[in-house]
Every structure is written in C-alpha cells, then in structure tokens.
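Student: Input entry_26.txt, format and content: compact mmCIF, C-alpha atoms and all ligand atoms.
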```txt
# COMPACT_ATOMS: atom_id res chain seq x y z
CA MET E 122 -71.19 -4.35 -14.77
CA ASN E 123 -69.73 -6.68 -17.41
CA ALA E 124 -71.89 -9.73 -18.26
CA LEU E 125 -69.02 -12.03 -17.25
CA SER E 126 -68.40 -10.44 -13.82
CA ASN E 127 -68.66 -13.08 -11.05
CA ARG E 128 -69.43 -15.83 -13.61
CA PRO E 129 -68.10 -19.22 -12.47
CA PHE E 130 -65.41 -20.95 -14.52
CA LEU E 131 -63.43 -24.19 -14.38
CA LYS E 132 -59.65 -24.09 -14.73
CA MET E 133 -58.67 -27.44 -16.23
CA ASN E 134 -55.97 -28.95 -18.38
CA GLY E 135 -55.94 -31.61 -21.06
CA LEU E 136 -52.49 -33.15 -20.96
CA GLY E 137 -51.05 -29.84 -19.78
CA ASN E 138 -52.89 -27.81 -22.45
CA GLU E 139 -54.29 -24.97 -20.28
CA ILE E 140 -58.08 -24.84 -20.59
CA VAL E 141 -60.77 -22.61 -19.05
CA VAL E 142 -64.38 -23.83 -19.38
CA LEU E 143 -67.10 -21.18 -19.23
CA ASP E 144 -70.76 -22.20 -19.38
CA LEU E 145 -72.92 -19.47 -20.96
CA ARG E 146 -75.73 -21.79 -22.13
CA GLU E 147 -78.29 -19.83 -20.17
CA THR E 148 -77.19 -16.40 -21.37
CA GLY E 149 -77.02 -14.99 -24.87
CA HIS E 150 -73.64 -13.38 -24.20
CA VAL E 151 -70.91 -13.88 -26.81
CA VAL E 152 -67.40 -13.38 -25.41
CA THR E 153 -65.52 -10.62 -27.24
CA PRO E 154 -61.83 -10.93 -28.18
CA ALA E 155 -61.03 -8.23 -25.55
CA GLU E 156 -62.88 -10.19 -22.83
CA ALA E 157 -61.04 -13.38 -23.82
CA ARG E 158 -57.69 -11.59 -23.59
CA ALA E 159 -58.65 -10.15 -20.18
CA ILE E 160 -59.49 -13.64 -18.87
CA ALA E 161 -56.23 -15.05 -20.28
CA GLY E 162 -54.29 -12.19 -18.69
CA ASP E 163 -55.22 -13.15 -15.14
CA ALA E 164 -53.09 -15.80 -13.40
CA ARG E 165 -56.15 -17.63 -11.98
CA SER E 166 -57.89 -17.93 -15.33
CA HIS E 167 -54.94 -18.01 -17.75
CA PHE E 168 -55.59 -20.37 -20.68
CA ASP E 169 -54.24 -21.63 -23.97
CA GLN E 170 -57.90 -22.08 -24.98
CA LEU E 171 -61.13 -20.77 -23.50
CA MET E 172 -64.03 -23.15 -24.20
CA VAL E 173 -67.33 -21.26 -24.05
CA LEU E 174 -70.55 -23.28 -24.00
CA HIS E 175 -73.65 -21.88 -25.70
CA ALA E 176 -77.15 -23.30 -26.09
CA PRO E 177 -77.23 -26.19 -28.61
CA LYS E 178 -77.90 -25.32 -32.25
CA THR E 179 -78.56 -28.85 -33.53
CA PRO E 180 -81.17 -31.15 -31.97
CA GLY E 181 -79.53 -34.03 -30.11
CA THR E 182 -76.38 -32.07 -29.22
CA ASP E 183 -75.56 -30.82 -25.71
CA ALA E 184 -73.90 -27.49 -26.45
CA PHE E 185 -72.47 -25.30 -29.17
CA MET E 186 -68.87 -24.29 -28.35
CA ARG E 187 -66.92 -21.17 -29.23
CA ILE E 188 -63.18 -21.59 -28.69
CA TYR E 189 -60.82 -18.67 -28.03
CA ASN E 190 -57.03 -18.60 -28.11
CA THR E 191 -54.89 -16.55 -25.70
CA ASP E 192 -54.71 -13.68 -28.23
CA GLY E 193 -58.53 -13.48 -28.45
CA SER E 194 -58.76 -15.14 -31.88
CA GLU E 195 -61.25 -17.96 -32.41
CA SER E 196 -60.67 -21.55 -33.48
CA ALA E 197 -63.23 -24.12 -34.61
CA ALA E 198 -61.43 -27.04 -32.94
CA CYS E 199 -59.62 -27.88 -29.72
CA GLY E 200 -59.25 -31.56 -28.92
CA ASN E 201 -57.86 -31.21 -25.40
CA GLY E 202 -60.44 -28.59 -24.49
CA THR E 203 -63.27 -30.73 -25.86
CA ARG E 204 -62.27 -33.55 -23.50
CA CYS E 205 -62.37 -31.05 -20.61
CA VAL E 206 -65.87 -29.93 -21.62
CA ALA E 207 -66.96 -33.58 -21.86
CA TRP E 208 -65.71 -34.13 -18.30
CA ALA E 209 -67.59 -31.04 -17.06
CA LEU E 210 -70.89 -32.05 -18.67
CA LEU E 211 -70.69 -35.75 -17.80
CA LYS E 212 -69.36 -35.45 -14.25
CA ASP E 213 -72.73 -36.07 -12.60
CA GLY E 214 -72.32 -39.65 -13.84
CA THR E 215 -75.81 -40.05 -15.32
CA ARG E 216 -74.48 -40.59 -18.87
CA ASP E 217 -71.25 -41.77 -20.50
CA SER E 218 -71.44 -39.87 -23.77
CA LEU E 219 -72.55 -36.60 -25.33
CA ALA E 220 -72.29 -34.60 -28.53
CA LEU E 221 -70.79 -31.13 -28.80
CA GLU E 222 -70.77 -28.84 -31.83
CA THR E 223 -68.46 -26.14 -33.15
CA ARG E 224 -68.58 -24.28 -36.43
CA ALA E 225 -66.39 -27.12 -37.80
CA GLY E 226 -69.04 -29.76 -37.05
CA LEU E 227 -70.20 -32.33 -34.51
CA LEU E 228 -67.88 -33.83 -31.89
CA PRO E 229 -69.25 -36.96 -30.21
CA CYS E 230 -67.44 -37.64 -26.88
CA ARG E 231 -67.32 -40.75 -24.71
CA ARG E 232 -66.04 -41.35 -21.16
CA VAL E 233 -63.44 -44.15 -20.98
CA ASP E 234 -62.83 -43.81 -17.23
CA ALA E 235 -63.26 -41.01 -14.67
CA THR E 236 -60.55 -38.80 -16.22
CA THR E 237 -60.08 -40.24 -19.71
CA PHE E 238 -62.26 -39.32 -22.70
CA THR E 239 -62.43 -40.15 -26.39
CA VAL E 240 -63.47 -37.44 -28.84
CA ASP E 241 -64.52 -38.15 -32.42
CA MET E 242 -62.74 -35.25 -34.11
CA GLY E 243 -64.42 -35.98 -37.46
CA PRO E 244 -62.69 -36.52 -40.80
CA PRO E 245 -59.55 -34.56 -41.70
CA ARG E 246 -59.83 -32.13 -44.62
CA LEU E 247 -56.92 -32.53 -46.98
CA LYS E 248 -57.46 -30.42 -50.12
CA TRP E 249 -55.26 -27.33 -50.44
CA ASP E 250 -58.21 -24.91 -50.31
CA GLU E 251 -59.66 -26.67 -47.26
CA ILE E 252 -56.47 -26.20 -45.18
CA PRO E 253 -56.59 -23.36 -46.40
CA LEU E 254 -53.45 -22.54 -48.42
CA ALA E 255 -52.95 -19.38 -50.45
CA GLU E 256 -51.93 -21.30 -53.58
CA GLU E 257 -52.80 -24.63 -55.14
CA PHE E 258 -50.88 -27.77 -54.17
CA ARG E 259 -52.23 -31.02 -55.58
CA ASP E 260 -50.53 -33.15 -52.94
CA THR E 261 -50.83 -31.88 -49.36
CA ARG E 262 -48.71 -34.76 -48.03
CA MET E 263 -45.79 -32.44 -48.74
CA ILE E 264 -45.85 -28.83 -49.85
CA GLU E 265 -42.93 -26.53 -50.57
CA LEU E 266 -42.57 -23.26 -48.66
CA GLN E 267 -40.45 -20.37 -49.78
CA ILE E 268 -38.92 -19.11 -46.55
CA GLY E 269 -36.34 -16.38 -46.15
CA PRO E 270 -35.46 -16.22 -42.47
CA ILE E 271 -35.57 -19.91 -41.60
CA ASP E 272 -32.32 -21.62 -42.46
CA ALA E 273 -33.04 -25.32 -41.80
CA PRO E 274 -33.89 -26.87 -45.21
CA ILE E 275 -36.06 -29.56 -43.67
CA LEU E 276 -38.45 -26.87 -42.44
CA HIS E 277 -39.43 -26.02 -46.01
CA SER E 278 -41.52 -29.14 -46.72
CA PRO E 279 -44.42 -29.68 -44.32
CA SER E 280 -47.47 -31.87 -44.61
CA VAL E 281 -50.68 -29.90 -44.13
CA VAL E 282 -53.99 -31.07 -42.65
CA ASN E 283 -57.16 -29.34 -41.50
CA MET E 284 -58.69 -30.91 -38.37
CA GLY E 285 -61.27 -28.15 -37.95
CA ASN E 286 -58.24 -25.84 -37.80
CA PRO E 287 -55.14 -25.56 -39.99
CA HIS E 288 -52.01 -27.58 -39.18
CA ALA E 289 -48.55 -27.76 -40.77
CA ILE E 290 -46.40 -30.71 -39.73
CA PHE E 291 -42.65 -30.51 -40.25
CA TRP E 292 -40.89 -33.91 -40.15
CA VAL E 293 -37.64 -33.81 -38.18
CA GLU E 294 -35.12 -36.27 -36.75
CA ASP E 295 -34.82 -34.42 -33.44
CA ALA E 296 -37.40 -31.79 -32.47
CA SER E 297 -35.17 -30.54 -29.64
CA ALA E 298 -32.63 -29.34 -32.23
CA TYR E 299 -35.00 -26.51 -33.26
CA ASP E 300 -35.92 -23.32 -31.44
CA LEU E 301 -39.68 -23.59 -31.93
CA ALA E 302 -40.32 -20.41 -29.91
CA ARG E 303 -38.28 -18.52 -32.55
CA ILE E 304 -39.42 -20.20 -35.76
CA GLY E 305 -43.02 -20.92 -34.65
CA PRO E 306 -44.31 -17.35 -35.13
CA LEU E 307 -42.57 -17.03 -38.52
CA LEU E 308 -44.16 -20.24 -39.79
CA GLU E 309 -47.57 -19.56 -38.18
CA ASN E 310 -47.75 -16.27 -40.09
CA HIS E 311 -46.24 -17.47 -43.38
CA PRO E 312 -48.23 -16.02 -46.33
CA ILE E 313 -49.04 -19.52 -47.61
CA PHE E 314 -51.42 -19.80 -44.61
CA PRO E 315 -54.09 -17.10 -45.09
CA GLU E 316 -55.73 -18.08 -41.77
CA ARG E 317 -52.36 -18.71 -40.08
CA ALA E 318 -51.54 -22.27 -38.94
CA ASN E 319 -50.65 -24.42 -35.96
CA ILE E 320 -47.03 -25.53 -36.39
CA SER E 321 -45.78 -28.97 -35.32
CA LEU E 322 -42.33 -30.52 -35.29
CA ALA E 323 -42.86 -34.27 -35.58
CA GLU E 324 -40.50 -37.20 -35.06
CA VAL E 325 -41.52 -40.65 -36.32
CA ARG E 326 -40.17 -43.05 -33.68
CA SER E 327 -41.90 -46.19 -35.04
CA GLU E 328 -44.94 -47.24 -37.06
CA GLU E 329 -47.00 -46.76 -33.89
CA HIS E 330 -45.33 -43.81 -32.20
CA LEU E 331 -44.86 -40.11 -32.94
CA VAL E 332 -43.24 -37.41 -30.80
CA LEU E 333 -44.57 -33.89 -31.28
CA LYS E 334 -43.88 -30.32 -30.23
CA VAL E 335 -46.43 -27.67 -31.13
CA TRP E 336 -46.46 -23.93 -31.63
CA GLU E 337 -50.17 -23.09 -31.54
CA ARG E 338 -51.79 -20.42 -33.66
CA GLY E 339 -52.89 -17.66 -31.33
CA ALA E 340 -51.45 -19.28 -28.20
CA GLY E 341 -47.75 -20.06 -28.78
CA LEU E 342 -45.87 -23.01 -27.28
CA THR E 343 -48.19 -25.36 -25.41
CA ARG E 344 -47.63 -28.61 -23.52
CA ALA E 345 -50.10 -30.43 -25.78
CA CYS E 346 -52.39 -29.86 -28.75
CA GLY E 347 -55.00 -32.53 -29.47
CA SER E 348 -55.90 -31.45 -32.98
CA ALA E 349 -52.17 -31.26 -33.84
CA ALA E 350 -51.73 -34.85 -32.63
CA CYS E 351 -54.65 -35.89 -34.88
CA ALA E 352 -53.25 -33.93 -37.84
CA ALA E 353 -49.76 -35.42 -37.40
CA ALA E 354 -51.16 -38.95 -37.12
CA VAL E 355 -53.17 -38.48 -40.34
CA ALA E 356 -50.17 -36.96 -42.14
CA ALA E 357 -47.81 -39.74 -41.01
CA ALA E 358 -50.25 -42.45 -42.14
CA ARG E 359 -50.77 -40.71 -45.50
CA LYS E 360 -47.01 -40.68 -46.03
CA GLY E 361 -46.86 -44.42 -45.23
CA ARG E 362 -44.65 -43.82 -42.22
CA THR E 363 -47.09 -45.18 -39.60
CA GLY E 364 -50.27 -47.19 -39.41
CA ARG E 365 -53.62 -45.55 -38.66
CA ARG E 366 -53.38 -46.07 -34.87
CA VAL E 367 -50.55 -44.27 -33.11
CA ARG E 368 -49.45 -43.01 -29.73
CA VAL E 369 -48.44 -39.36 -29.90
CA THR E 370 -46.10 -38.12 -27.17
CA LEU E 371 -46.28 -34.39 -26.43
CA PRO E 372 -44.44 -32.49 -23.67
CA GLY E 373 -47.55 -33.00 -21.44
CA GLY E 374 -47.89 -36.74 -22.09
CA ASP E 375 -49.48 -39.20 -24.50
CA LEU E 376 -52.60 -39.18 -26.68
CA LEU E 377 -53.91 -42.21 -28.56
CA ILE E 378 -55.03 -41.43 -32.10
CA ASP E 379 -57.03 -43.78 -34.30
CA TRP E 380 -57.78 -42.71 -37.89
CA ARG E 381 -60.75 -45.04 -38.22
CA GLU E 382 -60.78 -47.02 -41.45
CA SER E 383 -64.57 -47.47 -41.65
CA ASP E 384 -65.54 -43.79 -41.94
CA GLY E 385 -62.29 -41.81 -41.99
CA HIS E 386 -63.02 -40.11 -38.66
CA VAL E 387 -60.14 -39.40 -36.26
CA LEU E 388 -60.63 -40.56 -32.66
CA MET E 389 -58.51 -38.97 -29.96
CA THR E 390 -58.23 -40.44 -26.44
CA GLY E 391 -56.52 -38.75 -23.51
CA PRO E 392 -56.80 -37.43 -19.95
CA VAL E 393 -58.24 -34.34 -18.31
CA GLU E 394 -57.61 -32.72 -14.95
CA LEU E 395 -59.64 -30.20 -12.93
CA GLU E 396 -57.27 -27.68 -11.31
CA TRP E 397 -59.71 -25.33 -9.58
CA GLU E 398 -63.06 -23.60 -9.81
CA GLY E 399 -63.27 -19.81 -9.67
CA ARG E 400 -65.33 -16.72 -10.49
CA PHE E 401 -64.22 -13.82 -12.69
CA ALA E 402 -63.46 -10.70 -10.65
CA PRO E 403 -65.38 -7.69 -12.04
CA GLU E 404 -62.12 -5.65 -12.23
CA LEU E 405 -60.87 -8.09 -14.87
CA PHE E 406 -63.13 -6.56 -17.49
CA ALA E 407 -62.44 -2.87 -16.83
CA GLY E 408 -61.79 -1.52 -20.31
CA ALA E 409 -62.63 -4.81 -22.10
CA ALA E 410 -65.51 -4.24 -24.55
N1 LIG E 501 -55.00 -26.91 -28.21
C1 LIG E 501 -55.98 -27.24 -29.16
C2 LIG E 501 -55.98 -26.53 -30.47
C3 LIG E 501 -56.21 -25.07 -30.29
C4 LIG E 501 -56.62 -24.27 -31.48
C5 LIG E 501 -55.52 -23.59 -32.16
N2 LIG E 501 -54.62 -22.80 -31.38
C6 LIG E 501 -56.04 -22.84 -33.36
O1 LIG E 501 -56.22 -21.61 -33.34
O2 LIG E 501 -56.29 -23.51 -34.35
C7 LIG E 501 -56.21 -28.72 -29.27
O3 LIG E 501 -56.02 -29.43 -28.26
O4 LIG E 501 -56.65 -29.19 -30.33
```
Here is the file; what I need is its structure written in the form of structure tokens.
Tutor:
Amino acid sequence: MNALSNRPFLKMNGLGNEIVVLDLRETGHVVTPAEARAIAGDARSHFDQLMVLHAPKTPGTDAFMRIYNTDGSESAACGNGTRCVAWALLKDGTRDSLALETRAGLLPCRRVDATTFTVDMGPPRLKWDEIPLAEEFRDTRMIELQIGPIDAPILHSPSVVNMGNPHAIFWVEDASAYDLARIGPLLENHPIFPERANISLAEVRSEEHLVLKVWERGAGLTRACGSAACAAAVAAARKGRTGRRVRVTLPGGDLLIDWRESDGHVLMTGPVELEWEGRFAPELFAGAA
C-alpha cells in the first residue's frame, strides 16, 4: 500500500490558483514527482501546486513545506498556496500568526480576517546569478532575449526577479493581445533560464495598479500566481513605473503587494477558499513510485 493511500487532503484555492494541502508532519514520507503527478491527475485532487507540510526544521517555525507543480517539479515558493496553508494551520482560532519555511527561507504569515492572509514573502533577489540567468546581465530591470519563434518585439525585453522562484515579467500595453498558452512554454524553457521561469505579461494601469497574466513554470496558465504578483510589483517599482504598494489584478482577482521600505521584504495580502476535504484513493498511486 502506498504511504499516501487514504491520507486526508484539503482542496483549496488562493484567488483561483488551485491548491492541495497535504499534512505529512507526522510521517517521514517525501512525496515523489510520480506521486505528485498522480495526485494532480485526479479531478478531486487536481492542483496547480501541492503544498506538503513536513515537521519544522527551524525552532520557532510551524512546518517545513515542499511545493510541487502539476508536472511533479518542485518550487521553493508559492504565495497563494502559503496563504492556504496559513488558513489550514490557524483555523482553530487560537493564534493569528505563524511561520512557515521552504528551502528559500522563512515565510511569516498573519490572519487579516477569516479568509484573508498576509504572507511576508521575504526580500526579492535581483542579481543575474540569483534569478538565475545563464549569462551575466548587470541590470535585471531589463534584459535582452534572443528569441527565434516569438515575433512580438516587446517580448524580447523582460524584467527578471527571483521571489524564491524565477520570474520574467514582460511589459505590454494589452495582455489579451498575446496568446500566452502558445508563447508561455517557449519563454519558460528559453535557454537564458537554466531553471526555467514563470512568465508574466504585465500591464501598468497606474502608479498603484498592475494587471497580470501568468504562465507558471511546471503548471501552465493559472488564474493567479502570488509570487508573480510580488515579482511584477518589485520590477515595476524598480523601473519607476509604480510606487512600492500596488494592487495586482489577476484573472482570479486582486492581491495587495507592499514592497516594504524598512527591510525590503515583500508582503502579499489576499484571500483563500476551502473547496472540499478528501482522502486519496489507493488506486491513484498504482504505478507511481
Ligand atoms: N502559484 C504560485 C507559484 C508557483 C511556483 C511556480 N510554478 C514555480 O515553479 O516557480 C504562487 O502563488 O506563488
């Protein structure tokens, strides 16, 4: 019998970003890429990201999280999923805050109201080798890509930001003019991104408002991506196109992003929703090592 058979899970969403929360703090089991793909392949437990809780590694934190994309690959950050985990761990109402950890660092979370949470996503990393990029660019506010198959010139000059995961933000007048499902995979896998990248099309509507569409590394088109919203807000402020506090509108709704002046951390505030609770059917893992 697979270690995940009959394990309970929560199917949630963070602004439409499909999230499954799986609590393995009391087991030593580490989900394999094949198990993650099997979970994603079932309609009841389909996810953009699977948030797996493990026993804390650092004193004072509540859990260490491993984060899986639909394709079974791992990410060190997921803003929308982190809010969902915060909801799950704070829902008994005894506390209003907690600290989670991923391999990218600590993520303090705070409840704003019953379904709204703020996550401290930490400081952005902005040097070319921190994104990472395959070649040196001194200024990551705008890099130049050599692209054969993509004909729109504007898509050659993204800003790049690492928010615990790599993001490329392409500035456009009208995101709906681009077929992100077609160009997303080409850009995600461009050789300049040795670890691939999350790809955003960003419109600057005002000094306080961005509109974003995201093709996620390992997951494809999603209704929202929290770390992409943080990355776009940082990139827009660095270019002088917005202030440090912005509303970011994604297909699933709005996130509030504050690139805090005092310590350079990025705070993300947004909603969560519990859709249902389930258990993994043993048949799901037939053939998944
Ligand atoms: N949806 C997430 C980001 C997910 C991680 C990403 N696909 C990656 O591999 O980097 C969010 O809300 O931040």
Student: Which residue gives the smallest distance to ligand LIG 501 (chain E) among E:Pro312, E:Gly341, E:Pro180, E:Pro245, with all atoms listed in the file counted?
Tutor: E:Gly341
Student: Taking 4 positions as the minimum chain separation for residues in the same chain, which residues sit within 9 Å of stretch 129-144 of chain E when counting only C-alpha atoms? Answer as a VMD selection string.
Tutor: chain E and resid 125 148 161 165 to 175 200 to 206 209 343 to 347 371 to 376 391 to 401
Student: Find the residue from E:Glu195, E:Glu382, E:Asp295, E:Glu316 that sits nearest to E:Thr223; use all atoms listed in the file when measuring.
Tutor: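 Among E:Glu195, E:Glu382, E:Asp295, E:Glu316, it is E:Glu195 that comes nearest to E:Thr223.
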Student: Using the file's own x, y and z axes, so that the box edges lie along x, y and z, what centre and edge lengths in Å (one decimal) does a box around every listed atom of stretch 183-190 of chain E get when 8 Å is added on each side? Give it as JSON.
Tutor:
```
{"center_x": -66.3, "center_y": -24.7, "center_z": -27.5, "size_x": 34.5, "size_y": 28.2, "size_z": 19.5}
```
Student: Restricting the calculation to all atoms listed in the file: of E:Leu247, E:Leu388, E:Leu405, E:Leu266, which residue gets closest to E:Gly162?
Tutor: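 Answer, going by the shortest atom-to-atom distance: E:Leu405.
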Student: Given the choices E:Arg368, E:Lys178, E:Arg231, E:His150, which gets closest to E:Asn123 if the distance is worked out from only C-alpha atoms?
Tutor: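 Ranking E:Arg368, E:Lys178, E:Arg231, E:His150 by distance to E:Asn123, first place goes to E:His150.
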Student: Give me the residues of stretch 128-246 of chain E that have any atom at most 12 Å from an atom of stretch 277-285 of chain E; for each, the nearest atom pair and the distance in Å, rounded to one decimal. Use all atoms listed in the file, sort by chain and number, and format it as CSV.
Tutor:
```
residue,atom,partner,partner_atom,distance
E:Ile188,CA,E:Gly285,CA,11.5
E:Glu195,CA,E:Gly285,CA,11.6
E:Ser196,CA,E:Gly285,CA,8.0
E:Ala197,CA,E:Gly285,CA,5.6
E:Ala198,CA,E:Gly285,CA,5.1
E:Cys199,CA,E:Gly285,CA,8.4
E:Gly200,CA,E:Met284,CA,9.5
E:Glu222,CA,E:Gly285,CA,11.3
E:Thr223,CA,E:Gly285,CA,8.9
E:Arg224,CA,E:Gly285,CA,8.4
E:Ala225,CA,E:Gly285,CA,5.2
E:Gly226,CA,E:Gly285,CA,8.0
E:Leu227,CA,E:Gly285,CA,10.4
E:Leu228,CA,E:Gly285,CA,10.6
E:Asp241,CA,E:Met284,CA,11.0
E:Met242,CA,E:Met284,CA,7.3
E:Gly243,CA,E:Met284,CA,7.7
E:Pro244,CA,E:Met284,CA,7.3
E:Pro245,CA,E:Met284,CA,5.0
E:Arg246,CA,E:Asn283,CA,5.0
```
Student: Given only C-alpha atoms and all ligand atoms as the basis, pick out the residue of E:Trp336, E:Phe238, E:Phe291, E:Phe406 nearest to ligand LIG 501 (chain E).
Tutor: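 With only C-alpha atoms and all ligand atoms as the atom set, the closest residue is E:Trp336.
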Student: In terms of the shortest atom-to-atom distance over all atoms listed in the file, which of E:Glu265, E:Glu251, E:Asp192, E:Glu147 is closest to ligand LIG 501 (chain E)?
Tutor: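 With all atoms listed in the file as the atom set, the closest residue is E:Asp192.
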Student: Between atom CA of E:Ala349 and atom CA of E:Ala255, what is the spacing in Å?
Tutor: 20.4 Å
Student: Hey, can you check how far atom CA of E:Ala235 sits from atom CA of E:Arg128?
Tutor: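 Interatomic distance here is 25.9 Å.
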Student: Report, in Å with one decimal, the straight-line distance from atom CA of E:Thr261 to atom CA of E:Arg317.
Tutor: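 Separation between atom CA of E:Thr261 and atom CA of E:Arg317: 16.2 Å.
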